[in-house]
file start-v9.txt (compact mmCIF, C-alpha atoms)
# COMPACT_ATOMS: atom_id res chain seq x y z
CA MET A 1 -53.44 16.86 33.83
CA GLY A 2 -51.56 17.47 37.03
CA LEU A 3 -49.19 20.37 37.48
CA LEU A 4 -46.18 18.05 37.88
CA LEU A 5 -47.01 16.30 34.60
CA VAL A 6 -47.35 19.63 32.82
CA LEU A 7 -43.98 20.76 34.17
CA LEU A 8 -42.35 17.49 33.10
CA LEU A 9 -43.80 17.83 29.61
CA ILE A 10 -42.49 21.40 29.38
CA VAL A 11 -39.01 20.26 30.46
CA ASP A 12 -39.20 17.38 27.96
CA ILE A 13 -40.13 19.65 25.07
CA VAL A 14 -37.36 22.13 25.91
CA ILE A 15 -34.76 19.34 26.11
CA SER A 16 -36.07 17.80 22.87
CA LEU A 17 -35.90 21.13 21.06
CA TRP A 18 -32.35 21.57 22.34
CA ASN A 19 -31.42 18.07 21.15
CA ALA A 20 -32.72 18.83 17.64
CA TYR A 21 -30.96 22.21 17.54
CA ALA A 22 -27.69 20.84 18.94
CA SER A 23 -27.78 17.94 16.50
CA GLY A 24 -28.21 20.36 13.62
CA TYR A 25 -25.30 22.39 14.92
CA ASN A 26 -23.12 19.31 15.40
CA ILE A 27 -23.98 17.92 11.97
CA GLY A 28 -23.19 21.34 10.47
CA MET A 29 -19.83 21.44 12.22
CA ILE A 30 -19.06 17.91 11.04
CA ARG A 31 -19.86 18.95 7.47
CA LYS A 32 -17.71 22.08 7.75
CA SER A 33 -14.79 20.32 9.38
CA LYS A 34 -11.83 19.39 7.23
CA ALA A 35 -11.07 16.44 9.51
CA LYS A 36 -13.15 13.27 9.27
CA ALA A 37 -15.55 12.74 12.16
CA GLY A 38 -15.63 9.26 13.61
CA ALA A 39 -18.57 6.92 13.22
CA LEU A 40 -19.51 7.33 16.89
CA THR A 41 -19.57 11.12 16.55
CA ARG A 42 -21.78 10.97 13.46
CA ALA A 43 -24.08 8.33 14.97
CA ALA A 44 -24.45 10.37 18.16
CA ALA A 45 -25.27 13.54 16.19
CA TYR A 46 -28.02 11.81 14.24
CA SER A 47 -29.21 9.97 17.36
CA GLY A 48 -29.60 13.33 19.08
CA LEU A 49 -31.82 14.40 16.19
CA GLY A 50 -33.86 11.20 16.53
CA LEU A 51 -34.06 11.75 20.27
CA GLY A 52 -35.31 15.29 19.70
CA PHE A 53 -38.00 14.08 17.30
CA ALA A 54 -39.11 11.23 19.58
CA GLY A 55 -39.27 13.55 22.60
CA ILE A 56 -41.27 16.21 20.78
CA ALA A 57 -43.68 13.60 19.39
CA TYR A 58 -44.06 12.06 22.85
CA VAL A 59 -44.99 15.40 24.42
CA LEU A 60 -47.34 16.40 21.59
CA ILE A 61 -49.25 13.12 21.75
CA MET A 62 -49.78 13.58 25.49
CA ALA A 63 -50.75 17.25 25.18
CA ILE A 64 -53.05 16.87 22.17
CA SER A 65 -54.75 13.83 23.74
CA TYR A 66 -55.51 15.71 26.95
CA ILE A 67 -56.62 18.84 25.12
CA ALA A 68 -58.95 16.80 22.86
CA TYR A 69 -60.34 15.08 25.96
CA ALA A 70 -60.81 18.36 27.85
CA LEU A 71 -62.67 19.82 24.86
CA GLY A 72 -64.88 16.74 24.61
CA TYR A 73 -63.62 15.54 21.23
CA VAL A 74 -62.44 12.16 22.53
CA GLY A 75 -63.19 9.94 25.48
CA ALA A 76 -60.89 8.71 28.22
CA GLY A 77 -60.36 5.44 26.34
CA VAL A 78 -58.74 7.30 23.42
CA VAL A 79 -56.44 9.17 25.80
CA SER A 80 -55.47 5.91 27.51
CA TYR A 81 -54.86 4.15 24.19
CA ALA A 82 -52.85 7.07 22.80
CA ALA A 83 -50.76 7.30 25.97
CA SER A 84 -50.06 3.57 25.89
CA LEU A 85 -49.16 3.57 22.20
CA ASN A 86 -47.01 6.63 22.79
CA PHE A 87 -45.23 4.95 25.68
CA LEU A 88 -44.54 1.78 23.69
CA VAL A 89 -43.38 3.37 20.43
CA PHE A 90 -41.78 6.66 21.38
CA GLY A 91 -40.56 5.38 24.74
CA PHE A 92 -38.65 2.69 22.85
CA LEU A 93 -37.21 5.25 20.41
CA ILE A 94 -36.16 7.51 23.28
CA ILE A 95 -34.31 4.61 24.90
CA GLY A 96 -32.63 3.58 21.65
CA PHE A 97 -31.47 7.03 20.60
CA GLY A 98 -30.64 7.91 24.20
CA LEU A 99 -28.34 4.91 24.46
CA MET A 100 -26.19 6.19 21.59
CA VAL A 101 -26.07 9.70 23.08
CA THR A 102 -25.13 8.20 26.46
CA ILE A 103 -22.28 6.18 24.93
CA GLN A 104 -20.99 9.30 23.19
CA SER A 105 -21.15 11.34 26.42
CA ILE A 106 -19.17 8.62 28.25
CA ALA A 107 -16.54 8.63 25.48
CA ILE A 108 -16.26 12.43 25.75
CA ALA A 109 -15.96 12.25 29.56
CA VAL A 110 -13.19 9.64 29.32
CA LYS A 111 -11.35 11.74 26.73
CA LYS A 112 -11.77 15.21 28.30
CA ARG A 113 -11.92 14.27 31.99
CA SER A 114 -13.52 17.61 32.84
CA LEU A 115 -16.05 17.96 35.63
CA PHE A 116 -18.71 19.15 33.18
CA SER A 117 -18.27 16.21 30.79
CA ILE A 118 -18.28 13.73 33.67
CA VAL A 119 -21.46 15.23 35.16
CA ILE A 120 -23.18 15.12 31.75
CA ALA A 121 -22.14 11.47 31.26
CA LEU A 122 -23.35 10.53 34.73
CA TRP A 123 -26.67 12.29 34.13
CA ASN A 124 -27.10 10.51 30.80
CA VAL A 125 -26.37 7.14 32.40
CA PHE A 126 -28.87 7.87 35.17
CA ALA A 127 -31.52 9.03 32.67
CA GLU A 128 -30.98 5.99 30.44
CA VAL A 129 -31.23 3.54 33.33
CA TRP A 130 -34.35 5.36 34.59
CA ASP A 131 -35.95 5.26 31.13
CA ILE A 132 -35.22 1.55 30.69
CA ALA A 133 -36.54 0.69 34.16
CA SER A 134 -39.70 2.74 33.54
CA TYR A 135 -40.22 1.10 30.17
CA VAL A 136 -39.81 -2.41 31.55
CA GLN A 137 -42.15 -1.61 34.45
CA GLY A 138 -44.88 -0.08 32.26
CA PHE A 139 -44.61 -2.38 29.23
CA LYS A 140 -47.13 -5.00 30.38
CA GLU A 141 -49.73 -2.43 31.41
CA ALA A 142 -49.36 -0.45 28.16
CA THR A 143 -49.69 -3.54 25.98
CA GLY A 144 -52.73 -4.55 28.03
CA VAL A 145 -54.41 -1.21 27.33
CA ILE A 146 -53.68 -1.58 23.61
CA ARG A 147 -55.10 -5.13 23.50
CA GLY A 148 -58.15 -4.39 25.63
CA ASN A 149 -59.21 -1.06 24.23
CA ARG A 150 -59.50 -1.57 20.46
CA ASN A 151 -62.59 0.66 20.19
CA SER A 152 -60.41 3.69 20.94
CA ARG A 153 -57.79 2.81 18.34
CA ASN A 154 -58.89 5.11 15.50
CA GLY A 155 -59.01 8.29 17.58
CA ALA A 156 -55.63 7.49 19.15
CA ILE A 157 -54.06 6.80 15.76
CA GLU A 158 -55.38 10.13 14.43
CA ILE A 159 -53.93 12.00 17.42
CA THR A 160 -50.63 10.17 16.98
CA LEU A 161 -50.42 10.98 13.26
CA ILE A 162 -51.20 14.66 13.84
CA SER A 163 -48.63 14.79 16.62
CA VAL A 164 -45.95 13.03 14.58
CA LEU A 165 -46.50 15.40 11.66
CA LEU A 166 -46.24 18.44 13.94
CA ALA A 167 -43.19 16.93 15.65
CA PHE A 168 -41.49 16.45 12.30
CA PHE A 169 -41.93 20.11 11.35
CA ILE A 170 -40.89 21.40 14.78
CA THR A 171 -37.86 19.11 14.90
CA HIS A 172 -36.87 20.06 11.37
CA ALA A 173 -37.09 23.77 12.19
CA ALA A 174 -34.89 23.39 15.30
CA TYR A 175 -32.44 21.19 13.36
CA ARG A 176 -32.22 23.67 10.47
CA HIS A 177 -31.67 26.53 12.91
CA GLY A 178 -28.73 24.67 14.47
CA LEU A 179 -27.38 23.63 11.07
CA ASN A 180 -27.56 27.21 9.78
CA LYS A 181 -25.87 28.51 12.94
CA ALA A 182 -22.98 26.09 12.39
CA MET A 183 -22.66 26.96 8.71
CA ASP A 184 -22.71 30.70 9.48
CA SER A 185 -20.04 30.48 12.21
CA ALA A 186 -16.44 31.25 11.37

call {"tool": "encode", "arguments": {"input": "start-v9.txt", "output": "structure tokens"}}
result
Amino acid sequence: MGLLLVLLLIVDIVISLWNAYASGYNIGMIRKSKAKAGALTRAAAYSGLGLGFAGIAYVLIMAISYIAYALGYVGAGVVSYAASLNFLVFGFLIIGFGLMVTIQSIAIAVKKRSLFSIVIALWNVFAEVWDIASYVQGFKEATGVIRGNRNSRNGAIEITLISVLLAFFITHAAYRHGLNKAMDSA
């Protein structure tokens, strides 16, 4: 794995952990609030949690695949299959949940009109467009790997299931930490 890829995966996991924590905090504040939160606010809070989970799962699948390959447990075909399956499933989830978060950030920027909220909204729009373009560009290749590499399916599915299980527990821990922080605040 190249250094740039490792750095990107580290950034992705940090952002995903933050998304899960912030979603827990936001959901906690919504629960504590006497005022009713709007549907967009609630949907964005839960979408942030989904985005955190999808991002953590995405990174874990990549990392565990490469580690298993480096240790000789799986071949390159399993890594390729797992990466393609990861791209198709979790890439799609990242786009879907990211779209809701992007819409919410635009609504906040329009309402607040602060430099920070505008920069966040612009970043989210850029990231969403980038993710969609990358997904469209890589879709055909990823589906081709899945169709043409059926012998590697079982190992890739095992790596994916292990990664998803770990991602669930990690996401839940970050979410609960944020939720508890909100509930403990004055």

call {"tool": "atom_distance", "arguments": {"input": "start-v9.txt", "atom1": "CA of His177 in chain A", "atom2": "CA of Ser33 in chain A"}}
result
18.3 Å

call {"tool": "residues_around", "arguments": {"input": "start-v9.txt", "residues": "Val59 in chain A", "least_positions_apart": "2", "cutoff": "9 Å", "atoms": "all atoms listed in the file", "output": "PyMOL selection string"}}
result
chain A and resi 9-10+12-13+54-57+61-64+163

call {"tool": "atom_distance", "arguments": {"input": "start-v9.txt", "atom1": "CA of Ser65 in chain A", "atom2": "CA of Gly155 in chain A"}}
result
9.3 Å

call {"tool": "residues_around", "arguments": {"input": "start-v9.txt", "residues": "Gly96 in chain A", "least_positions_apart": "2", "cutoff": "10 Å", "atoms": "all atoms listed in the file", "output": "PyMOL selection string"}}
result
chain A and resi 47+50-51+90-94+98-101+128+132

call {"tool": "closest_residue", "arguments": {"input": "start-v9.txt", "among": "A:Leu88, A:Leu166, A:Val119, A:Asn124", "to": "Val136 in chain A", "atoms": "only C-alpha atoms"}}
result
A:Leu88

call {"tool": "residues_near_point", "arguments": {"input": "start-v9.txt", "point": "(-18.4, 9.5, 13.9)", "cutoff": "12 Å", "atoms": "all atoms listed in the file", "output": "list in words"}}
result
Asn26, Ile27, Ile30, Arg31, Ala35, Lys36, Ala37, Gly38, Ala39, Leu40, Thr41, Arg42, Ala43, Ala44, Ala45, Tyr46, Ser47, Met100, Val101, Gln104 and Ala107 of chain A

call {"tool": "atom_distance", "arguments": {"input": "start-v9.txt", "atom1": "CA of Ala133 in chain A", "atom2": "CA of Leu85 in chain A"}}
result
17.6 Å

call {"tool": "axis_aligned_box", "arguments": {"input": "start-v9.txt", "around": "range 6-23 of chain A", "padding_each_side": "5 Å", "output": "lines of an AutoDock Vina configuration file"}}
result
center_x = -37.5
center_y = 19.8
center_z = 25.3
size_x = 29.7
size_y = 14.8
size_z = 27.7

call {"tool": "closest_residue", "arguments": {"input": "start-v9.txt", "among": "A:Ser114, A:Thr102, A:Thr171, A:Gly148", "to": "Phe126 in chain A", "atoms": "only C-alpha atoms"}}
result
A:Thr102

call {"tool": "residues_around", "arguments": {"input": "start-v9.txt", "residues": "Asn149 in chain A", "least_positions_apart": "3", "cutoff": "7 Å", "atoms": "all atoms listed in the file", "output": "list of chain:residue names"}}
result
A:Gly77, A:Tyr81, A:Val145, A:Ile146, A:Ser152

call {"tool": "closest_residue", "arguments": {"input": "start-v9.txt", "among": "A:Gly72, A:Lys32, A:Ala83, A:Ser23", "to": "Ile157 in chain A", "atoms": "only C-alpha atoms"}}
result
A:Ala83

call {"tool": "closest_residue", "arguments": {"input": "start-v9.txt", "among": "A:Ala109, A:Ile95, A:Glu141, A:Asn151", "to": "Val129 in chain A", "atoms": "all atoms listed in the file"}}
result
A:Ile95

call {"tool": "closest_residue", "arguments": {"input": "start-v9.txt", "among": "A:Leu49, A:Met29, A:Ile159, A:Ile120", "to": "Phe97 in chain A", "atoms": "all atoms listed in the file"}}
result
A:Leu49

call {"tool": "residues_around", "arguments": {"input": "start-v9.txt", "residues": "Gly24 in chain A", "least_positions_apart": "3", "cutoff": "8 Å", "atoms": "all atoms listed in the file", "output": "list in words"}}
result
Ala20, Tyr21, Ile27, Gly28, Ala45, Leu49, Ala174, Tyr175, Arg176, His177, Gly178, Leu179, Asn180 and Ala182 of chain A

call {"tool": "write_last_selection", "arguments": {"input": "start-v9.txt", "atoms": "C-alpha atoms", "output": "mmCIF file, in the frame of the given file"}}
result
data_model
loop_
_atom_site.group_PDB
_atom_site.id
_atom_site.type_symbol
_atom_site.label_atom_id
_atom_site.label_comp_id
_atom_site.auth_asym_id
_atom_site.auth_seq_id
_atom_site.Cartn_x
_atom_site.Cartn_y
_atom_site.Cartn_z
ATOM 1 C CA ALA A 20 -32.720 18.830 17.640
ATOM 2 C CA TYR A 21 -30.960 22.210 17.540
ATOM 3 C CA ILE A 27 -23.980 17.920 11.970
ATOM 4 C CA GLY A 28 -23.190 21.340 10.470
ATOM 5 C CA ALA A 45 -25.270 13.540 16.190
ATOM 6 C CA LEU A 49 -31.820 14.400 16.190
ATOM 7 C CA ALA A 174 -34.890 23.390 15.300
ATOM 8 C CA TYR A 175 -32.440 21.190 13.360
ATOM 9 C CA ARG A 176 -32.220 23.670 10.470
ATOM 10 C CA HIS A 177 -31.670 26.530 12.910
ATOM 11 C CA GLY A 178 -28.730 24.670 14.470
ATOM 12 C CA LEU A 179 -27.380 23.630 11.070
ATOM 13 C CA ASN A 180 -27.560 27.210 9.780
ATOM 14 C CA ALA A 182 -22.980 26.090 12.390
#
